[in-house]
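What's in protein19.cif: mmCIF, C-alpha atoms
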data_my_file
loop_
_atom_site.label_atom_id
_atom_site.label_comp_id
_atom_site.auth_asym_id
_atom_site.auth_seq_id
_atom_site.Cartn_x
_atom_site.Cartn_y
_atom_site.Cartn_z
CA MET A 34 -15.25 -6.58 -2.57
CA LYS A 35 -12.84 -3.73 -3.36
CA HIS A 36 -10.41 -5.11 -0.78
CA SER A 37 -10.68 -8.59 -2.34
CA ILE A 38 -9.94 -7.24 -5.83
CA ARG A 39 -6.97 -5.29 -4.48
CA ILE A 40 -5.56 -8.37 -2.74
CA ILE A 41 -6.05 -10.61 -5.79
CA SER A 42 -4.40 -8.02 -8.07
CA THR A 43 -1.42 -7.79 -5.71
CA ILE A 44 -1.10 -11.56 -5.66
CA LEU A 45 -1.07 -11.75 -9.46
CA VAL A 46 1.68 -9.13 -9.63
CA LEU A 47 3.75 -10.93 -7.01
CA ILE A 48 3.30 -14.30 -8.69
CA ALA A 49 4.36 -12.84 -12.03
CA SER A 50 7.47 -11.31 -10.51
CA CYS A 51 8.31 -14.59 -8.78
CA GLN A 52 8.65 -16.30 -12.15
CA ILE A 53 11.98 -14.48 -12.58
CA ALA A 54 13.32 -16.98 -10.04
CA MET A 55 16.54 -18.81 -10.80
CA SER A 56 16.12 -22.14 -12.58
CA GLN A 57 19.25 -23.91 -11.32
CA ASN A 58 18.75 -27.25 -9.60
CA ARG A 59 14.96 -27.25 -10.05
CA ILE A 60 13.20 -30.60 -9.90
CA THR A 61 11.54 -31.75 -13.12
CA ARG A 62 7.98 -33.05 -13.54
CA LYS A 63 9.26 -36.59 -14.12
CA GLN A 64 11.48 -36.49 -11.03
CA LEU A 65 8.63 -35.09 -8.97
CA ASN A 66 6.16 -37.75 -10.12
CA ASP A 67 8.67 -40.43 -9.10
CA THR A 68 9.16 -38.69 -5.73
CA ILE A 69 5.42 -38.41 -5.06
CA LYS A 70 5.02 -42.17 -5.38
CA THR A 71 7.33 -42.74 -2.41
CA MET A 72 6.31 -39.75 -0.26
CA PRO A 73 4.51 -40.54 3.03
CA SER A 74 0.82 -39.64 2.97
CA PHE A 75 0.83 -38.42 6.61
CA THR A 76 3.22 -35.53 7.27
CA VAL A 77 3.80 -32.37 9.30
CA HIS A 78 1.73 -29.46 7.91
CA LYS A 79 2.72 -26.35 9.86
CA ASP A 80 5.63 -26.30 12.32
CA ILE A 81 5.14 -28.38 15.47
CA TYR A 82 6.64 -26.47 18.38
CA PHE A 83 6.76 -25.69 22.09
CA ILE A 84 8.06 -22.21 22.90
CA SER A 85 7.94 -19.94 25.92
CA GLY A 86 8.65 -16.27 26.46
CA VAL A 87 7.89 -12.82 27.76
CA PRO A 88 6.17 -9.61 26.58
CA THR A 89 8.12 -6.59 25.39
CA ASN A 90 5.22 -4.12 25.62
CA SER A 91 4.10 -4.72 29.22
CA ALA A 92 5.47 -5.52 32.66
CA LEU A 93 6.85 -9.01 33.20
CA SER A 94 4.85 -11.21 35.59
CA SER A 95 3.56 -14.75 35.96
CA LYS A 96 0.41 -13.65 34.09
CA THR A 97 2.14 -12.00 31.14
CA ALA A 98 4.86 -14.60 30.53
CA ASP A 99 3.49 -17.71 28.85
CA ALA A 100 4.09 -20.78 26.72
CA LYS A 101 2.72 -21.48 23.26
CA TYR A 102 2.64 -24.77 21.44
CA GLN A 103 1.26 -26.10 18.17
CA ILE A 104 0.62 -29.48 16.59
CA SER A 105 -0.16 -29.74 12.88
CA PHE A 106 -0.58 -32.63 10.44
CA LYS A 107 -1.45 -33.18 6.79
CA GLN A 108 -3.01 -36.26 5.22
CA LEU A 109 -2.82 -36.81 1.47
CA ILE A 110 -6.05 -38.36 0.24
CA THR A 111 -4.99 -38.70 -3.40
CA ARG A 112 -1.77 -38.32 -5.38
CA ASN A 113 -2.24 -36.26 -8.57
CA THR A 114 -5.38 -38.11 -9.63
CA GLN A 115 -7.90 -35.26 -9.67
CA VAL A 116 -8.87 -32.76 -12.35
CA TRP A 117 -5.98 -30.58 -13.68
CA ASP A 118 -3.42 -32.89 -12.07
CA THR A 119 -4.35 -31.84 -8.53
CA TYR A 120 -4.27 -33.79 -5.27
CA LEU A 121 -6.75 -33.82 -2.39
CA PHE A 122 -5.60 -33.30 1.21
CA LEU A 123 -6.84 -32.80 4.77
CA THR A 124 -5.04 -30.78 7.46
CA TYR A 125 -5.50 -30.25 11.17
CA SER A 126 -3.67 -27.76 13.37
CA GLN A 127 -4.14 -26.89 17.03
CA LYS A 128 -2.48 -23.97 18.80
CA ALA A 129 -2.50 -23.41 22.57
CA PHE A 130 -1.60 -20.45 24.79
CA TRP A 131 -0.66 -21.61 28.27
CA ASN A 132 -0.10 -19.45 31.37
CA LEU A 133 2.51 -21.92 32.52
CA TYR A 134 3.99 -19.70 35.24
CA GLU A 135 0.73 -18.63 36.85
CA GLU A 136 -0.75 -20.47 39.84
CA SER A 137 -2.63 -23.60 38.63
CA SER A 138 -1.13 -22.99 35.14
CA PRO A 139 -4.39 -22.28 33.26
CA PHE A 140 -4.76 -22.37 29.49
CA LYS A 141 -5.73 -18.96 28.10
CA GLU A 142 -6.80 -20.15 24.68
CA LEU A 143 -7.00 -23.14 22.35
CA ASN A 144 -7.45 -22.60 18.62
CA PHE A 145 -8.65 -25.47 16.40
CA ASN A 146 -7.91 -25.25 12.69
CA PRO A 147 -8.99 -27.99 10.21
CA SER A 148 -9.06 -27.64 6.42
CA ILE A 149 -9.71 -29.61 3.24
CA GLY A 150 -8.29 -28.63 -0.10
CA LEU A 151 -6.74 -29.30 -3.48
CA GLY A 152 -3.02 -28.89 -4.08
CA LYS A 153 -1.25 -28.38 -7.39
CA MET A 154 2.32 -28.17 -8.67
CA PHE A 155 3.24 -25.47 -11.21
CA TYR A 156 5.90 -25.92 -13.92
CA ASN A 157 7.72 -23.70 -16.41
CA LYS A 158 8.11 -24.38 -20.14
CA LYS A 159 11.04 -26.68 -19.38
CA ASP A 160 8.78 -28.83 -17.17
CA GLU A 161 10.68 -27.70 -14.06
CA LEU A 162 8.87 -27.11 -10.77
CA ILE A 163 8.47 -23.37 -10.06
CA GLY A 164 5.68 -23.29 -7.48
CA ILE A 165 3.34 -25.15 -5.15
CA GLY A 166 -0.23 -23.91 -4.80
CA SER A 167 -3.49 -24.89 -3.13
CA LEU A 168 -7.17 -23.97 -2.89
CA ALA A 169 -8.82 -24.92 0.40
CA LEU A 170 -11.80 -24.54 2.70
CA GLU A 171 -10.65 -23.69 6.23
CA HIS A 172 -12.27 -23.31 9.65
CA GLU A 173 -10.74 -21.83 12.80
CA SER A 174 -12.38 -21.53 16.21
CA ASN A 175 -11.61 -21.57 19.90
CA GLY A 176 -14.29 -24.15 20.74
CA ARG A 177 -15.95 -21.95 23.36
CA ASP A 178 -19.51 -20.70 23.72
CA SER A 179 -21.38 -17.59 24.83
CA ILE A 180 -19.49 -14.27 24.72
CA PHE A 181 -16.15 -16.12 24.58
CA SER A 182 -16.92 -17.87 21.29
CA ARG A 183 -14.67 -16.92 18.37
CA SER A 184 -14.67 -18.52 14.94
CA TRP A 185 -14.30 -17.80 11.25
CA ASN A 186 -14.32 -19.68 7.95
CA ASN A 187 -12.61 -18.95 4.67
CA ILE A 188 -11.83 -20.18 1.20
CA HIS A 189 -8.19 -19.44 0.54
CA ALA A 190 -5.57 -19.78 -2.17
CA THR A 191 -1.84 -20.20 -1.51
CA TYR A 192 1.22 -20.06 -3.72
CA ASN A 193 4.84 -20.72 -2.73
CA THR A 194 7.80 -20.23 -5.03
CA LYS A 195 11.58 -20.07 -4.95
CA ILE A 196 12.90 -16.53 -5.54
CA GLY A 197 16.62 -17.27 -5.41
CA ASN A 198 19.00 -20.05 -4.48
CA ASN A 199 18.24 -19.62 -0.79
CA SER A 200 14.91 -17.76 -0.57
CA ARG A 201 11.21 -18.61 -0.79
CA LEU A 202 8.11 -16.44 -1.03
CA GLY A 203 4.69 -17.62 0.14
CA ILE A 204 1.38 -15.85 -0.52
CA LYS A 205 -1.98 -16.69 1.06
CA ALA A 206 -5.23 -14.84 0.33
CA TRP A 207 -8.65 -15.64 1.76
CA LEU A 208 -12.32 -14.86 1.22
CA PRO A 209 -13.96 -15.09 4.67
CA PHE A 210 -17.55 -16.11 5.43
CA MET A 211 -19.64 -16.92 8.53
CA TYR A 212 -17.43 -14.91 10.85
CA LYS A 213 -19.50 -11.93 12.02
CA GLU A 214 -21.10 -13.52 15.08
CA GLY A 215 -18.75 -12.81 18.00
CA ASN A 216 -16.02 -11.13 15.94
CA ALA A 217 -17.72 -8.94 13.33
CA ASP A 218 -14.69 -6.65 12.93
CA LEU A 219 -12.13 -9.48 12.62
CA LEU A 220 -11.04 -8.38 9.13
CA ASP A 221 -10.00 -4.99 10.52
CA TYR A 222 -7.24 -6.88 12.32
CA ILE A 223 -6.51 -10.01 10.27
CA GLY A 224 -7.00 -8.60 6.79
CA LEU A 225 -7.52 -10.63 3.61
CA GLY A 226 -4.15 -12.26 3.23
CA GLU A 227 -0.56 -12.67 4.34
CA VAL A 228 2.91 -12.87 2.81
CA THR A 229 5.76 -15.03 4.11
CA TYR A 230 9.42 -14.66 3.17
CA ALA A 231 12.02 -17.25 4.15
CA HIS A 232 15.79 -17.12 3.64
CA SER A 233 18.29 -19.88 4.41
CA PHE A 234 21.69 -18.62 5.52
CA ILE A 235 23.08 -22.13 6.08
CA LYS A 236 21.11 -25.00 4.56
CA ASP A 237 19.41 -27.18 7.20
CA LYS A 238 21.10 -25.11 9.93
CA LEU A 239 20.13 -21.43 10.01
CA GLU A 240 17.03 -19.81 8.50
CA LEU A 241 15.04 -16.60 8.87
CA GLU A 242 11.28 -16.43 8.22
CA VAL A 243 9.08 -13.31 8.27
CA MET A 244 5.27 -13.32 7.97
CA ALA A 245 3.29 -10.09 7.50
CA ARG A 246 -0.40 -9.30 7.22
CA LYS A 247 -2.44 -6.09 7.31
CA GLY A 248 -6.02 -5.32 8.38
CA VAL A 249 -8.44 -3.97 5.78
CA LYS A 250 -8.55 -0.43 7.20
CA TRP A 251 -6.03 2.35 6.66
CA ASP A 252 -4.45 2.09 10.10
CA THR A 253 -1.62 0.23 11.80
CA LYS A 254 -3.54 -2.92 12.68
CA GLY A 255 -1.93 -6.09 11.39
CA ALA A 256 0.85 -8.45 12.44
CA LEU A 257 4.53 -9.14 11.85
CA ARG A 258 5.93 -12.48 12.96
CA THR A 259 9.69 -13.09 12.74
CA ARG A 260 11.25 -16.48 13.35
CA LEU A 261 14.92 -17.46 13.47
CA TYR A 262 15.62 -21.19 13.23
CA TYR A 263 18.90 -22.84 14.24
CA SER A 264 19.62 -26.55 14.27
CA PRO A 265 22.38 -28.06 16.44
CA PHE A 266 20.79 -31.48 15.89
CA LYS A 267 21.60 -34.31 13.49
CA LYS A 268 18.00 -34.67 12.29
CA LYS A 269 17.19 -32.14 9.58
CA ASP A 270 13.67 -31.36 10.83
CA GLN A 271 14.60 -30.48 14.44
CA TYR A 272 15.46 -26.88 15.33
CA LEU A 273 15.63 -24.34 18.09
CA MET A 274 13.40 -21.36 17.30
CA LEU A 275 13.40 -17.73 18.40
CA GLU A 276 10.07 -16.04 17.62
CA TRP A 277 8.97 -12.43 17.89
CA PHE A 278 5.26 -11.80 17.34
CA ASN A 279 4.30 -8.15 17.04
CA GLY A 280 0.69 -7.08 16.34
CA TYR A 281 -2.87 -8.39 16.53
CA THR A 282 -4.79 -11.70 16.12
CA GLU A 283 -2.15 -14.01 17.55
CA ASN A 284 -5.13 -15.82 19.08
CA LEU A 285 -8.89 -15.49 18.59
CA ILE A 286 -10.12 -14.65 22.08
CA ARG A 287 -8.06 -11.43 22.22
CA TYR A 288 -7.71 -10.63 18.54
CA LYS A 289 -8.18 -6.89 19.25
CA GLU A 290 -5.33 -6.84 21.78
CA TYR A 291 -1.92 -5.62 20.61
CA LYS A 292 0.83 -8.04 21.62
CA SER A 293 4.58 -8.04 21.39
CA MET A 294 5.98 -11.38 22.57
CA ILE A 295 9.45 -12.90 22.31
CA ARG A 296 9.55 -16.67 22.79
CA VAL A 297 12.14 -19.41 22.33
CA GLY A 298 11.88 -23.17 22.24
CA PHE A 299 11.99 -26.40 20.24
CA VAL A 300 10.39 -27.00 16.84
CA ILE A 301 9.90 -29.87 14.41
CA ARG A 302 9.81 -28.08 11.08
CA THR A 303 7.56 -28.83 8.15
CA ASN A 304 9.23 -29.93 4.91
CA GLU A 305 6.14 -29.10 2.84
CA PHE A 306 8.08 -26.85 0.48
CA SER A 307 11.38 -28.75 0.42
CA LEU A 308 10.73 -29.69 -3.23
CA LEU A 309 11.36 -26.03 -4.11
CA ASN A 310 14.86 -26.05 -2.57
#
With the file now loaded, output its structure as structure tokens.
Amino acid sequence: MKHSIRIISTILVLIASCQIAMSQNRITRKQLNDTIKTMPSFTVHKDIYFISGVPTNSALSSKTADAKYQISFKQLITRNTQVWDTYLFLTYSQKAFWNLYEESSPFKELNFNPSIGLGKMFYNKKDELIGIGSLALEHESNGRDSIFSRSWNNIHATYNTKIGNNSRLGIKAWLPFMYKEGNADLLDYIGLGEVTYAHSFIKDKLELEVMARKGVKWDTKGALRTRLYYSPFKKKDQYLMLEWFNGYTENLIRYKEYKSMIRVGFVIRTNEFSLLN
């Protein structure tokens, strides 16, 4: 409980500081309501990608080099028709770790990640959009049984806001439940939340994104994921991505294993927060 209070207090401080964000070119409530009417109800949720790479903390071999891919979708169930002007949505994401270079090319891990939640837009006194938030129920598991089974559930809150003309800050905090069977010490590695910072150097061409999270204990367990996106393509949602993952809990089956992986590949980016641009 103390960790939860600490996380929630930190979030409130960060959200308050984010309200100093610049107000130029913000979309108004009226403009947003008109936009929502024409938005597709089925969209990309998290990035959809296929990337491959090598470890930086162990010897290179066909067993340590791998490929990782993810598919992720979001379905709007309602459009601002719920209590407090919220909207209902469903999401589904699936992430796979593939030993592509090993004989028979086995899959090391599949992680399944559905959620259901309520989203809400936040406005300032001028009725300009300043943030996008959500409250959701989420499940993640690897779909295996016996000693290889890994799963956890959480109720989480997210908030994303613009903190400059070219930067965005995202905060996600969760209260976990039904996770102790098979991975009782998961929170020591995954913590109670994460922060994501994104900065666009060249709009729709070059962007940096950094995600950080910290386990609940006073040690070095946590994760830092850095992504550099570059688009040589005509379509705005297609990019090449360089990713460096450094830390724990990249997947569920080996959440206690420290990993440092550099991967590169193709990504279809989500535009979930494009309204903040």
> Written as number ranges by chain, which residues does the PyMOL selection byres ((chain A and resi 102-104) around 6) give for the file shown?
Replying inline: A: 81-83, 101, 105, 126-129
>> Just want the 7 Å neighbourhood of Phe278 in chain A, counted on all atoms listed in the file, with same-chain residues fewer than 3 positions away dropped. Output as a list of chain:residue names.
In response: A:Leu257, A:Arg258, A:Thr259, A:Ser293, A:Met294, A:Ile295
Six-sided padding of 3 Å per side, axis-aligned box over range 121-135 of chain A, centre and edges in Å, one decimal, as lines of an AutoDock Vina configuration file:
center_x = -1.4
center_y = -26.2
center_z = 17.2
size_x = 16.8
size_y = 21.2
size_z = 45.2
>> Just want the 8 Å neighbourhood of Glu173 in chain A, counted on all atoms listed in the file, with same-chain residues fewer than 2 positions away dropped. Output as a ChimeraX atom specification.
In response: /A:144-147,171,175,184-186
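Remark: for Leu275 in chain A, the closest of the candidate residues A:Lys79, A:Arg183, A:Arg296, A:Arg246 is A:Arg296 (distances computed over only C-alpha atoms).
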> So which residues get picked by the PyMOL selection byres ((chain A and resi 153-160) around 8) here, written as JSON, numbers by chain?
Replying inline: {"A": [61, 62, 118, 119, 120, 151, 152, 161, 162, 163, 164, 165, 166, 167]}
> Could you spell out the hits of the PyMOL selection byres ((chain A and resi 292) around 8) on the shown file, as a PyMOL selection string?
Replying inline: chain A and resi 88+90+278-281+283+290-291+293-294
>> For Ser233 in chain A, find every residue with an atom within 8 Å (counting only C-alpha atoms), except residues of its own chain fewer than 5 positions away, and show them as a ChimeraX atom specification.
In response: /A:199-200,239-241
> For Asn132 in chain A, which of A:Val87, A:Ile69, A:Ile188, A:Val116 is the closest residue, counting all atoms listed in the file?
Replying inline: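 Checking each of A:Val87, A:Ile69, A:Ile188, A:Val116 against Asn132 in chain A, counting all atoms listed in the file, the winner is A:Val87.
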> CA of Arg302 in chain A and CA of Ile204 in chain A, how far apart in Å?
Replying inline: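 Atom-to-atom, CA of Ile204 in chain A and CA of Arg302 in chain A are spaced 18.8 Å apart.
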> When you draw a straight line from CA of Lys247 in chain A to CA of Gly86 in chain A, how long is it in Å?
Replying inline: 24.4 Å
> What is the distance between CA of Arg260 in chain A and CA of Leu143 in chain A, in Å to one decimal?
Replying inline: 21.4 Å
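You can rank A:Leu123, A:Leu133, A:Ile235, A:Ala206 by their closest distance to Thr97 in chain A using all atoms listed in the file, and at the top of that list sits A:Leu133.
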